[in-house]
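Raw target-v6.tsv, TSV, C-alpha atoms:
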chain	number	residue	atom	x	y	z
A	1	MET	CA	4.80	-35.67	-2.38
A	2	VAL	CA	3.82	-32.02	-2.33
A	3	GLN	CA	2.76	-30.63	1.03
A	4	TRP	CA	-0.17	-28.24	0.91
A	5	THR	CA	-1.14	-26.00	3.80
A	6	ASP	CA	-4.82	-25.64	4.64
A	7	PHE	CA	-4.69	-22.12	3.28
A	8	GLU	CA	-3.24	-23.31	-0.02
A	9	ARG	CA	-5.82	-26.06	-0.47
A	10	ALA	CA	-8.70	-23.76	0.37
A	11	THR	CA	-7.34	-21.02	-1.89
A	12	ILE	CA	-6.89	-23.27	-4.92
A	13	GLN	CA	-10.38	-24.74	-4.56
A	14	SER	CA	-11.89	-21.30	-4.10
A	15	VAL	CA	-10.08	-19.67	-7.04
A	16	PHE	CA	-11.09	-22.44	-9.44
A	17	GLU	CA	-14.64	-22.64	-8.10
A	18	LYS	CA	-15.20	-18.97	-8.88
A	19	MET	CA	-13.48	-19.20	-12.27
A	20	ASP	CA	-15.34	-19.23	-15.57
A	21	TYR	CA	-13.23	-21.85	-17.37
A	22	ASP	CA	-14.75	-21.03	-20.75
A	23	ASP	CA	-13.69	-17.40	-20.38
A	24	VAL	CA	-10.32	-17.79	-18.67
A	25	GLY	CA	-9.09	-20.70	-20.83
A	26	PRO	CA	-9.36	-18.91	-24.18
A	27	ALA	CA	-8.07	-15.67	-22.63
A	28	ALA	CA	-4.96	-17.37	-21.23
A	29	LEU	CA	-4.08	-19.30	-24.38
A	30	SER	CA	-4.63	-16.36	-26.72
A	31	ARG	CA	-2.59	-14.13	-24.42
A	32	CYS	CA	0.26	-16.65	-24.50
A	33	LEU	CA	0.20	-16.71	-28.31
A	34	VAL	CA	0.31	-12.89	-28.43
A	35	VAL	CA	2.88	-12.23	-25.70
A	36	TYR	CA	5.17	-15.14	-26.63
A	37	PRO	CA	4.68	-15.45	-30.39
A	38	TRP	CA	7.08	-18.37	-30.74
A	39	THR	CA	4.47	-20.54	-29.01
A	40	GLN	CA	2.47	-20.29	-32.24
A	41	ARG	CA	4.76	-22.94	-33.68
A	42	TYR	CA	2.52	-25.60	-32.17
A	43	PHE	CA	-0.63	-24.28	-33.78
A	44	GLY	CA	0.23	-24.26	-37.47
A	45	ASN	CA	-3.14	-25.69	-38.43
A	46	PHE	CA	-5.18	-23.21	-36.38
A	47	GLY	CA	-5.63	-20.77	-39.25
A	48	ASN	CA	-5.27	-17.00	-38.85
A	49	LEU	CA	-2.83	-16.09	-36.05
A	50	TYR	CA	-1.49	-13.08	-37.88
A	51	ASN	CA	-2.08	-10.43	-35.22
A	52	ALA	CA	-3.46	-10.01	-31.69
A	53	ALA	CA	-7.02	-9.39	-32.90
A	54	ALA	CA	-6.97	-12.47	-35.12
A	55	ILE	CA	-5.60	-14.64	-32.32
A	56	GLN	CA	-8.16	-13.41	-29.81
A	57	GLY	CA	-10.98	-13.99	-32.28
A	58	ASN	CA	-9.80	-17.38	-33.50
A	59	PRO	CA	-12.38	-20.08	-32.64
A	60	MET	CA	-9.83	-22.93	-32.66
A	61	VAL	CA	-7.69	-21.06	-30.12
A	62	ALA	CA	-10.77	-20.50	-27.96
A	63	ALA	CA	-11.77	-24.16	-28.13
A	64	HIS	CA	-8.29	-25.31	-27.26
A	65	GLY	CA	-8.07	-22.83	-24.39
A	66	LYS	CA	-11.21	-24.38	-22.92
A	67	THR	CA	-9.72	-27.87	-23.32
A	68	VAL	CA	-6.56	-26.85	-21.49
A	69	LEU	CA	-8.38	-25.29	-18.58
A	70	HIS	CA	-10.77	-28.19	-18.16
A	71	GLY	CA	-7.65	-30.36	-18.15
A	72	LEU	CA	-6.28	-28.27	-15.29
A	73	ASP	CA	-9.40	-29.10	-13.35
A	74	ARG	CA	-8.12	-32.67	-12.93
A	75	ALA	CA	-5.21	-31.38	-10.88
A	76	VAL	CA	-7.55	-29.22	-8.79
A	77	LYS	CA	-9.54	-32.35	-7.94
A	78	ASN	CA	-6.40	-34.44	-7.24
A	79	MET	CA	-4.03	-32.08	-5.50
A	80	ASP	CA	-2.33	-34.88	-3.60
A	81	ASP	CA	-1.14	-36.73	-6.67
A	82	ILE	CA	-0.83	-34.31	-9.55
A	83	LYS	CA	2.20	-36.19	-10.88
A	84	ALA	CA	0.21	-39.38	-11.46
A	85	THR	CA	-2.80	-37.43	-12.74
A	86	TYR	CA	-0.72	-35.96	-15.57
A	87	ALA	CA	1.60	-38.88	-16.38
A	88	GLU	CA	-0.29	-39.74	-19.56
A	89	LEU	CA	-0.65	-36.10	-20.64
A	90	SER	CA	3.06	-35.63	-20.07
A	91	VAL	CA	3.86	-38.52	-22.41
A	92	LEU	CA	1.44	-37.08	-24.97
A	93	HIS	CA	3.08	-33.63	-24.89
A	94	SER	CA	6.55	-35.13	-25.07
A	95	GLU	CA	6.23	-37.95	-27.57
A	96	LYS	CA	3.38	-36.88	-29.81
A	97	LEU	CA	3.00	-33.10	-29.57
A	98	ARG	CA	6.71	-32.47	-28.93
A	99	VAL	CA	6.12	-29.32	-26.91
A	100	ASP	CA	9.15	-27.69	-25.26
A	101	PRO	CA	8.29	-27.97	-21.54
A	102	ASP	CA	9.31	-24.36	-20.97
A	103	ASN	CA	6.11	-23.43	-22.78
A	104	PHE	CA	4.08	-24.84	-19.88
A	105	ARG	CA	5.67	-22.20	-17.66
A	106	LEU	CA	4.87	-19.45	-20.19
A	107	LEU	CA	1.22	-20.49	-20.34
A	108	ALA	CA	1.11	-20.73	-16.54
A	109	ASP	CA	2.42	-17.14	-16.28
A	110	CYS	CA	-0.23	-15.91	-18.72
A	111	LEU	CA	-2.93	-17.79	-16.80
A	112	THR	CA	-1.76	-16.10	-13.57
A	113	ILE	CA	-2.04	-12.70	-15.20
A	114	VAL	CA	-5.51	-13.40	-16.59
A	115	VAL	CA	-6.71	-14.59	-13.17
A	116	ALA	CA	-5.15	-11.47	-11.58
A	117	ALA	CA	-7.02	-9.28	-14.06
A	118	ARG	CA	-10.31	-11.07	-13.32
A	119	MET	CA	-9.95	-11.14	-9.52
A	120	GLY	CA	-8.38	-7.70	-9.03
A	121	ALA	CA	-7.59	-6.87	-5.41
A	122	ALA	CA	-8.87	-10.29	-4.29
A	123	PHE	CA	-5.79	-11.80	-5.95
A	124	THR	CA	-3.59	-10.90	-2.99
A	125	ALA	CA	0.09	-11.78	-2.64
A	126	ASP	CA	-0.80	-14.84	-0.55
A	127	VAL	CA	-3.39	-16.02	-3.06
A	128	GLN	CA	-0.85	-15.51	-5.84
A	129	GLY	CA	1.73	-17.50	-3.88
A	130	ALA	CA	-0.64	-20.45	-3.50
A	131	PHE	CA	-1.83	-20.24	-7.10
A	132	GLN	CA	1.70	-20.14	-8.51
A	133	LYS	CA	2.83	-23.00	-6.28
A	134	PHE	CA	-0.07	-25.06	-7.66
A	135	LEU	CA	0.83	-24.16	-11.26
A	136	ALA	CA	4.50	-24.93	-10.60
A	137	VAL	CA	3.52	-28.45	-9.53
A	138	VAL	CA	1.35	-28.83	-12.64
A	139	VAL	CA	4.15	-27.59	-14.89
A	140	SER	CA	6.67	-29.90	-13.26
A	141	SER	CA	4.31	-32.91	-13.60
A	142	LEU	CA	3.72	-32.21	-17.27
A	143	GLY	CA	7.47	-32.19	-17.80
A	144	LYS	CA	8.14	-35.38	-15.84
A	145	GLN	CA	7.80	-37.87	-18.68
A	146	TYR	CA	10.20	-36.11	-21.03
A	147	HIS	CA	13.25	-38.27	-21.62
B	1	MET	CA	37.96	-7.14	-18.83
B	2	GLN	CA	37.71	-3.38	-18.59
B	3	ALA	CA	38.56	-2.99	-22.28
B	4	ASN	CA	35.90	-5.52	-23.28
B	5	HIS	CA	33.31	-3.70	-21.25
B	6	VAL	CA	34.13	-0.37	-22.85
B	7	ASP	CA	34.10	-1.95	-26.32
B	8	GLY	CA	30.78	-3.62	-25.56
B	9	LEU	CA	29.27	-0.31	-24.49
B	10	TYR	CA	30.61	1.41	-27.61
B	11	TRP	CA	29.11	-1.20	-29.91
B	12	CYS	CA	25.81	-1.13	-28.02
B	13	LYS	CA	25.57	2.64	-28.51
B	14	LYS	CA	26.54	2.30	-32.16
B	15	TRP	CA	23.81	-0.31	-32.60
B	16	LEU	CA	21.24	2.01	-30.98
B	17	THR	CA	22.01	4.96	-33.28
B	18	ASN	CA	22.38	2.92	-36.44
B	19	THR	CA	19.28	0.82	-36.12
B	20	PHE	CA	16.88	3.69	-35.49
B	21	THR	CA	15.96	3.94	-39.14
B	22	GLN	CA	16.10	0.25	-39.91
B	23	THR	CA	12.85	-1.58	-40.28
B	24	CYS	CA	14.29	-5.05	-39.82
B	25	ALA	CA	12.72	-6.97	-37.01
B	26	VAL	CA	13.56	-10.07	-35.04
B	27	ARG	CA	10.23	-11.46	-36.18
B	28	PRO	CA	7.98	-10.35	-39.06
B	29	SER	CA	6.53	-6.97	-38.26
B	30	ARG	CA	2.81	-6.76	-37.78
B	31	HIS	CA	2.76	-2.97	-38.11
B	32	SER	CA	3.23	-1.66	-41.62
B	33	THR	CA	4.46	1.87	-40.92
B	34	SER	CA	6.07	1.56	-37.51
B	35	THR	CA	9.58	2.58	-36.62
B	36	HIS	CA	11.41	0.14	-34.47
B	37	SER	CA	14.04	1.07	-31.97
B	38	THR	CA	16.12	-1.32	-29.99
B	39	SER	CA	16.83	-1.71	-26.35
B	40	ALA	CA	20.42	-1.95	-25.23
B	41	THR	CA	20.46	-5.65	-26.00
B	42	GLY	CA	19.09	-5.05	-29.49
B	43	TYR	CA	16.81	-8.03	-29.08
B	44	ASN	CA	13.62	-6.35	-27.82
B	45	MET	CA	11.84	-4.16	-30.31
B	46	LEU	CA	9.26	-1.61	-29.28
B	47	THR	CA	7.08	0.22	-31.79
B	48	ASP	CA	6.16	3.86	-31.20
B	49	HIS	CA	2.65	2.76	-30.28
B	50	GLU	CA	4.01	0.33	-27.67
B	51	LYS	CA	6.28	3.01	-26.19
B	52	GLU	CA	3.33	5.39	-25.85
B	53	LEU	CA	1.25	2.68	-24.23
B	54	ILE	CA	4.02	1.88	-21.74
B	55	ALA	CA	4.62	5.56	-20.85
B	56	LYS	CA	0.89	6.10	-20.35
B	57	ILE	CA	0.54	3.15	-17.99
B	58	TRP	CA	3.53	4.15	-15.84
B	59	ASP	CA	2.41	7.75	-15.75
B	60	LYS	CA	-0.74	6.59	-13.96
B	61	MET	CA	1.36	4.66	-11.44
B	62	ILE	CA	3.50	7.61	-10.33
B	63	PRO	CA	0.98	9.06	-7.82
B	64	VAL	CA	0.53	5.60	-6.24
B	65	ALA	CA	4.15	4.51	-6.55
B	66	SER	CA	4.50	3.44	-2.88
B	67	ASP	CA	1.39	1.26	-3.00
B	68	ILE	CA	2.22	-0.32	-6.36
B	69	GLY	CA	5.89	-0.79	-5.51
B	70	ALA	CA	5.18	-2.36	-2.14
B	71	GLU	CA	2.65	-4.68	-3.75
B	72	CYS	CA	5.10	-5.82	-6.45
B	73	LEU	CA	7.77	-6.57	-3.86
B	74	LEU	CA	5.35	-8.36	-1.56
B	75	ARG	CA	4.05	-10.52	-4.43
B	76	MET	CA	7.60	-11.41	-5.40
B	77	MET	CA	8.72	-12.33	-1.90
B	78	THR	CA	5.58	-14.39	-1.23
B	79	THR	CA	5.64	-16.29	-4.52
B	80	PHE	CA	9.42	-16.66	-4.75
B	81	PRO	CA	10.68	-16.90	-1.15
B	82	GLY	CA	14.34	-17.04	-2.25
B	83	THR	CA	14.11	-13.37	-3.13
B	84	LYS	CA	13.64	-12.49	0.54
B	85	THR	CA	17.34	-13.12	1.08
B	86	TYR	CA	18.09	-9.72	-0.43
B	87	PHE	CA	15.98	-7.91	2.15
B	88	ALA	CA	17.40	-9.18	5.41
B	89	HIS	CA	18.18	-5.59	6.38
B	90	LEU	CA	14.62	-4.35	5.91
B	91	ASP	CA	11.25	-4.85	7.57
B	92	ILE	CA	9.37	-6.58	4.78
B	93	ARG	CA	6.06	-7.19	6.45
B	94	PRO	CA	3.04	-6.07	4.41
B	95	ARG	CA	2.44	-2.31	4.60
B	96	SER	CA	5.80	-1.70	6.32
B	97	PRO	CA	7.33	1.74	5.64
B	98	HIS	CA	10.51	0.04	4.36
B	99	LEU	CA	8.59	-1.93	1.77
B	100	ARG	CA	6.67	1.14	0.65
B	101	SER	CA	9.72	3.38	0.36
B	102	HIS	CA	11.76	0.72	-1.42
B	103	GLY	CA	8.89	-0.13	-3.72
B	104	LYS	CA	8.41	3.56	-4.51
B	105	LYS	CA	12.05	3.90	-5.60
B	106	ILE	CA	11.70	0.97	-8.00
B	107	VAL	CA	8.41	2.15	-9.52
B	108	LEU	CA	9.66	5.70	-9.97
B	109	ALA	CA	12.83	4.48	-11.70
B	110	ILE	CA	10.81	2.33	-14.10
B	111	ALA	CA	8.30	5.15	-14.69
B	112	GLU	CA	11.01	7.75	-15.29
B	113	CYS	CA	12.77	5.53	-17.79
B	114	SER	CA	9.50	4.84	-19.64
B	115	LYS	CA	9.23	8.54	-20.58
B	116	ASP	CA	12.20	8.18	-22.92
B	117	ILE	CA	12.80	4.51	-23.62
B	118	SER	CA	15.30	5.18	-26.40
B	119	SER	CA	17.66	6.77	-23.88
B	120	MET	CA	17.43	3.82	-21.53
B	121	MET	CA	21.15	3.09	-21.48
B	122	VAL	CA	22.01	6.64	-20.44
B	123	THR	CA	19.19	6.99	-17.91
B	124	LEU	CA	20.00	3.72	-16.22
B	125	ALA	CA	23.78	4.11	-16.01
B	126	PRO	CA	23.77	5.09	-12.30
B	127	LEU	CA	21.40	2.23	-11.46
B	128	GLN	CA	23.60	-0.18	-13.41
B	129	THR	CA	26.56	0.82	-11.27
B	130	LEU	CA	24.51	0.44	-8.08
B	131	HIS	CA	23.39	-3.08	-9.00
B	132	VAL	CA	26.86	-4.23	-10.08
B	133	TYR	CA	29.01	-2.89	-7.29
B	134	LYS	CA	26.71	-2.58	-4.32
B	135	LEU	CA	23.55	-4.67	-4.60
B	136	ARG	CA	24.89	-7.58	-6.68
B	137	ILE	CA	21.47	-9.15	-7.08
B	138	ASP	CA	21.62	-12.35	-9.11
B	139	PRO	CA	20.07	-11.28	-12.44
B	140	CYS	CA	17.79	-14.34	-12.53
B	141	ASN	CA	15.73	-12.49	-9.91
B	142	PHE	CA	14.97	-9.55	-12.19
B	143	LYS	CA	12.55	-11.61	-14.24
B	144	LEU	CA	10.79	-12.74	-11.06
B	145	LEU	CA	10.15	-9.12	-10.09
B	146	CYS	CA	9.16	-8.29	-13.68
B	147	HIS	CA	6.56	-11.05	-13.59
B	148	CYS	CA	5.15	-9.75	-10.30
B	149	ILE	CA	5.02	-6.23	-11.74
B	150	LEU	CA	2.92	-7.59	-14.62
B	151	VAL	CA	0.62	-9.38	-12.14
B	152	THR	CA	0.24	-6.16	-10.10
B	153	LEU	CA	-0.61	-4.17	-13.23
B	154	ALA	CA	-3.15	-6.82	-14.26
B	155	ALA	CA	-4.78	-6.81	-10.81
B	156	HIS	CA	-5.13	-3.02	-10.92
B	157	MET	CA	-6.00	-2.55	-14.58
B	158	GLY	CA	-8.21	-5.59	-15.23
B	159	ASP	CA	-9.27	-5.96	-18.85
B	160	GLU	CA	-7.40	-2.79	-19.77
B	161	PHE	CA	-4.19	-4.80	-19.38
B	162	ASP	CA	-4.96	-6.62	-22.60
B	163	PRO	CA	-2.53	-8.95	-24.43
B	164	VAL	CA	-1.05	-6.12	-26.53
B	165	ALA	CA	-0.32	-4.00	-23.45
B	166	HIS	CA	1.01	-7.09	-21.66
B	167	ALA	CA	3.36	-7.94	-24.53
B	168	ALA	CA	4.67	-4.38	-24.75
B	169	MET	CA	5.19	-4.13	-21.00
B	170	ASP	CA	6.92	-7.52	-20.86
B	171	LYS	CA	9.34	-6.41	-23.59
B	172	TYR	CA	10.03	-3.10	-21.84
B	173	LEU	CA	10.66	-4.71	-18.45
B	174	SER	CA	12.89	-7.38	-20.03
B	175	ALA	CA	14.96	-4.68	-21.71
B	176	PHE	CA	15.13	-2.72	-18.44
B	177	ALA	CA	16.36	-5.80	-16.59
B	178	ALA	CA	18.88	-6.61	-19.32
B	179	VAL	CA	20.34	-3.11	-19.13
B	180	LEU	CA	20.62	-3.33	-15.33
B	181	ALA	CA	22.51	-6.61	-15.60
B	182	GLU	CA	24.65	-5.49	-18.51
B	183	LYS	CA	27.70	-4.37	-16.53
B	184	TYR	CA	27.76	-7.41	-14.24
B	185	ARG	CA	30.76	-8.92	-16.02
Step by step, read the file and then write its structure as structure tokens.
Amino acid sequence: MVQWTDFERATIQSVFEKMDYDDVGPAALSRCLVVYPWTQRYFGNFGNLYNAAAIQGNPMVAAHGKTVLHGLDRAVKNMDDIKATYAELSVLHSEKLRVDPDNFRLLADCLTIVVAARMGAAFTADVQGAFQKFLAVVVSSLGKQYH
Amino acid sequence: MQANHVDGLYWCKKWLTNTFTQTCAVRPSRHSTSTHSTSATGYNMLTDHEKELIAKIWDKMIPVASDIGAECLLRMMTTFPGTKTYFAHLDIRPRSPHLRSHGKKIVLAIAECSKDISSMMVTLAPLQTLHVYKLRIDPCNFKLLCHCILVTLAAHMGDEFDPVAHAAMDKYLSAFAAVLAEKYR
């Protein structure tokens, strides 16, 4: 089981409490599709992903970004058993969606950068450390059911 | 081994000069009249617009190189504690003079190189030698520092560090890291 310090718990709760999920979700997903264009392979039916402007303005990308971030909320509320929380989602991504689990890490990196841009100086090295540890656990849990 | 290295360098340089006027791209180009030039690896392509963007961003970092550099290093060592093993000889507490001076060196090297990205292999030759023979940092760590540089830029630039700037910067830093690691073996 993952051990969280008091600082880490408090930081994760605080960062997500202050976050606008409907802003950050779309921003993170669209950034991932722009910076790592090969991730677009999973979104063939999303319409126009031809350039950065199209991606950032695409309503399906925005909607999906919100879905992803609200999904992350489940881990925020269950920090002591993220693995169990995401067991079903992991199976879904492996068996049905067939997403390469490395993509979870790419999206996590983009999310970190979006949060850094939103929080500015408040996103200190220690806050980043806690945030990335949290995302690493999420990423690992999502990859657990791949066989 | 030596012969292979020299051959490799020769072919890399040949690739650089020959592909300047090519418009082929690793992926379909989204810019109709851009010229692409390759990094040493030939895999990362930067358009002229991206190169300008990168140079402009680093130019702004030069006056605050110590602050930015120290922050990048601190972020890296906090988020990826394994990287601290390379700094056993330094005082790496936040705001320490060692961290600031070391961070400044790194930022200035990246900024200097960004002024003429096409000449990256020549500019970085001394740093390549330093990393191979003296520092011997496992190259997997370069991408950890690159990520923390991107986070630092995002924290300082906010919305200005938009996805296009992020993509360009990520490509530049990846190419920089690849060139540094190129002579490892």
Taking all atoms listed in the file into account, which of A:Arg31, A:His64, A:His93, A:Lys83 comes nearest chain B?
A:Arg31
Distance criterion (only C-alpha atoms): nearest to A:Ala53 out of B:Asp91, B:Glu182, B:Asp162, B:Pro97
B:Asp162
Please determine the contact residues of chain B with respect to chain A at a cut-off of 9 Å, counting only C-alpha atoms, and supply them as a ChimeraX atom specification.
/B:27,30,71-72,74-80,147,150-164,166-168,170-171
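Taking atom CA of B:Gly103 and atom CA of B:Met120 as the two end points, the separation is 20.1 Å.
The spacing separating atom CA of A:Gln145 from atom CA of A:Val99 amounts to 12.0 Å.
Note that the spacing between atom CA of B:Ala178 and atom CA of B:Pro139 amounts to 8.4 Å.
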List the spatial neighbours of A:Met1 as a VMD selection string - criterion: any atom at most 12 Å away, all atoms listed in the file, same-chain residues fewer than 4 positions off excluded.
chain A and resid 79 to 84 137 141
Residues near stretch 100-108 of chain A, cut-off 8 Å, only C-alpha atoms, skip fewer than 6 positions along chain, as a PyMOL selection string:
chain A and resi 28-29+32+36+39+94+135-136+139+142-143
Give me the residues near stretch 64-67 of chain B as a list of chain:residue names, where near means some atom within 6 Å (using only C-alpha atoms) and where sequence neighbours in that chain fewer than 3 positions away do not count.
B:Met61, B:Ala70, B:Arg100, B:Gly103, B:Lys104, B:Val107
Surrounding residues of B:Thr129 excluding itself and chain neighbours under 3 positions, 10 Å, all atoms listed in the file, as a PyMOL selection string:
chain B and resi 124-126+132-136+180-184
Complete the atom set of stretch 45-55 of chain A to all heavy atoms and return it as an mmCIF file, in the frame of the given file.
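Full text of out-v9.cif as output:
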data_model
loop_
_atom_site.group_PDB
_atom_site.id
_atom_site.type_symbol
_atom_site.label_atom_id
_atom_site.label_comp_id
_atom_site.auth_asym_id
_atom_site.auth_seq_id
_atom_site.Cartn_x
_atom_site.Cartn_y
_atom_site.Cartn_z
ATOM 1 N N ASN A 45 -1.894 -25.409 -37.719
ATOM 2 C CA ASN A 45 -3.140 -25.690 -38.430
ATOM 3 C C ASN A 45 -4.343 -24.971 -37.819
ATOM 4 O O ASN A 45 -5.494 -25.358 -38.062
ATOM 5 C CB ASN A 45 -3.391 -27.207 -38.431
ATOM 6 C CG ASN A 45 -3.537 -27.729 -36.999
ATOM 7 O OD1 ASN A 45 -3.016 -27.138 -36.052
ATOM 8 N ND2 ASN A 45 -4.237 -28.839 -36.831
ATOM 9 N N PHE A 46 -4.071 -23.917 -37.028
ATOM 10 C CA PHE A 46 -5.180 -23.210 -36.380
ATOM 11 C C PHE A 46 -5.701 -22.045 -37.214
ATOM 12 O O PHE A 46 -6.594 -21.325 -36.777
ATOM 13 C CB PHE A 46 -4.747 -22.700 -34.992
ATOM 14 C CG PHE A 46 -5.017 -23.670 -33.867
ATOM 15 C CD1 PHE A 46 -4.897 -25.036 -34.064
ATOM 16 C CD2 PHE A 46 -5.395 -23.222 -32.620
ATOM 17 C CE1 PHE A 46 -5.135 -25.933 -33.036
ATOM 18 C CE2 PHE A 46 -5.654 -24.113 -31.579
ATOM 19 C CZ PHE A 46 -5.519 -25.467 -31.784
ATOM 20 N N GLY A 47 -5.120 -21.839 -38.395
ATOM 21 C CA GLY A 47 -5.630 -20.770 -39.250
ATOM 22 C C GLY A 47 -4.978 -19.435 -38.952
ATOM 23 O O GLY A 47 -3.782 -19.346 -38.717
ATOM 24 N N ASN A 48 -5.773 -18.371 -38.924
ATOM 25 C CA ASN A 48 -5.270 -17.000 -38.850
ATOM 26 C C ASN A 48 -4.777 -16.637 -37.446
ATOM 27 O O ASN A 48 -5.568 -16.471 -36.523
ATOM 28 C CB ASN A 48 -6.381 -16.035 -39.292
ATOM 29 C CG ASN A 48 -5.889 -14.604 -39.361
ATOM 30 O OD1 ASN A 48 -4.710 -14.321 -39.115
ATOM 31 N ND2 ASN A 48 -6.773 -13.695 -39.698
ATOM 32 N N LEU A 49 -3.429 -16.546 -37.323
ATOM 33 C CA LEU A 49 -2.830 -16.090 -36.050
ATOM 34 C C LEU A 49 -1.983 -14.870 -36.330
ATOM 35 O O LEU A 49 -0.984 -14.621 -35.671
ATOM 36 C CB LEU A 49 -1.968 -17.211 -35.440
ATOM 37 C CG LEU A 49 -2.652 -18.526 -35.085
ATOM 38 C CD1 LEU A 49 -1.629 -19.530 -34.538
ATOM 39 C CD2 LEU A 49 -3.752 -18.308 -34.038
ATOM 40 N N TYR A 50 -2.380 -14.104 -37.355
ATOM 41 C CA TYR A 50 -1.490 -13.080 -37.880
ATOM 42 C C TYR A 50 -1.247 -11.893 -36.939
ATOM 43 O O TYR A 50 -0.197 -11.292 -36.935
ATOM 44 C CB TYR A 50 -2.026 -12.565 -39.227
ATOM 45 C CG TYR A 50 -1.061 -11.658 -39.928
ATOM 46 C CD1 TYR A 50 0.174 -12.138 -40.375
ATOM 47 C CD2 TYR A 50 -1.344 -10.312 -40.115
ATOM 48 C CE1 TYR A 50 1.086 -11.296 -40.989
ATOM 49 C CE2 TYR A 50 -0.441 -9.471 -40.739
ATOM 50 C CZ TYR A 50 0.775 -9.968 -41.176
ATOM 51 O OH TYR A 50 1.676 -9.132 -41.791
ATOM 52 N N ASN A 51 -2.259 -11.537 -36.154
ATOM 53 C CA ASN A 51 -2.080 -10.430 -35.220
ATOM 54 C C ASN A 51 -2.918 -10.696 -33.979
ATOM 55 O O ASN A 51 -3.649 -11.685 -33.900
ATOM 56 C CB ASN A 51 -2.446 -9.088 -35.850
ATOM 57 C CG ASN A 51 -3.837 -9.098 -36.438
ATOM 58 O OD1 ASN A 51 -4.753 -9.712 -35.883
ATOM 59 N ND2 ASN A 51 -4.000 -8.450 -37.565
ATOM 60 N N ALA A 52 -2.789 -9.805 -32.986
ATOM 61 C CA ALA A 52 -3.460 -10.010 -31.690
ATOM 62 C C ALA A 52 -4.966 -10.177 -31.867
ATOM 63 O O ALA A 52 -5.588 -11.052 -31.254
ATOM 64 C CB ALA A 52 -3.148 -8.851 -30.748
ATOM 65 N N ALA A 53 -5.572 -9.326 -32.710
ATOM 66 C CA ALA A 53 -7.020 -9.390 -32.900
ATOM 67 C C ALA A 53 -7.434 -10.730 -33.496
ATOM 68 O O ALA A 53 -8.416 -11.349 -33.068
ATOM 69 C CB ALA A 53 -7.476 -8.243 -33.797
ATOM 70 N N ALA A 54 -6.654 -11.196 -34.475
ATOM 71 C CA ALA A 54 -6.970 -12.470 -35.120
ATOM 72 C C ALA A 54 -6.865 -13.623 -34.123
ATOM 73 O O ALA A 54 -7.708 -14.514 -34.084
ATOM 74 C CB ALA A 54 -6.023 -12.713 -36.296
ATOM 75 N N ILE A 55 -5.816 -13.578 -33.309
ATOM 76 C CA ILE A 55 -5.600 -14.640 -32.320
ATOM 77 C C ILE A 55 -6.750 -14.665 -31.326
ATOM 78 O O ILE A 55 -7.313 -15.716 -31.008
ATOM 79 C CB ILE A 55 -4.259 -14.447 -31.585
ATOM 80 C CG1 ILE A 55 -3.098 -14.681 -32.557
ATOM 81 C CG2 ILE A 55 -4.142 -15.372 -30.380
ATOM 82 C CD1 ILE A 55 -1.740 -14.276 -32.009
#
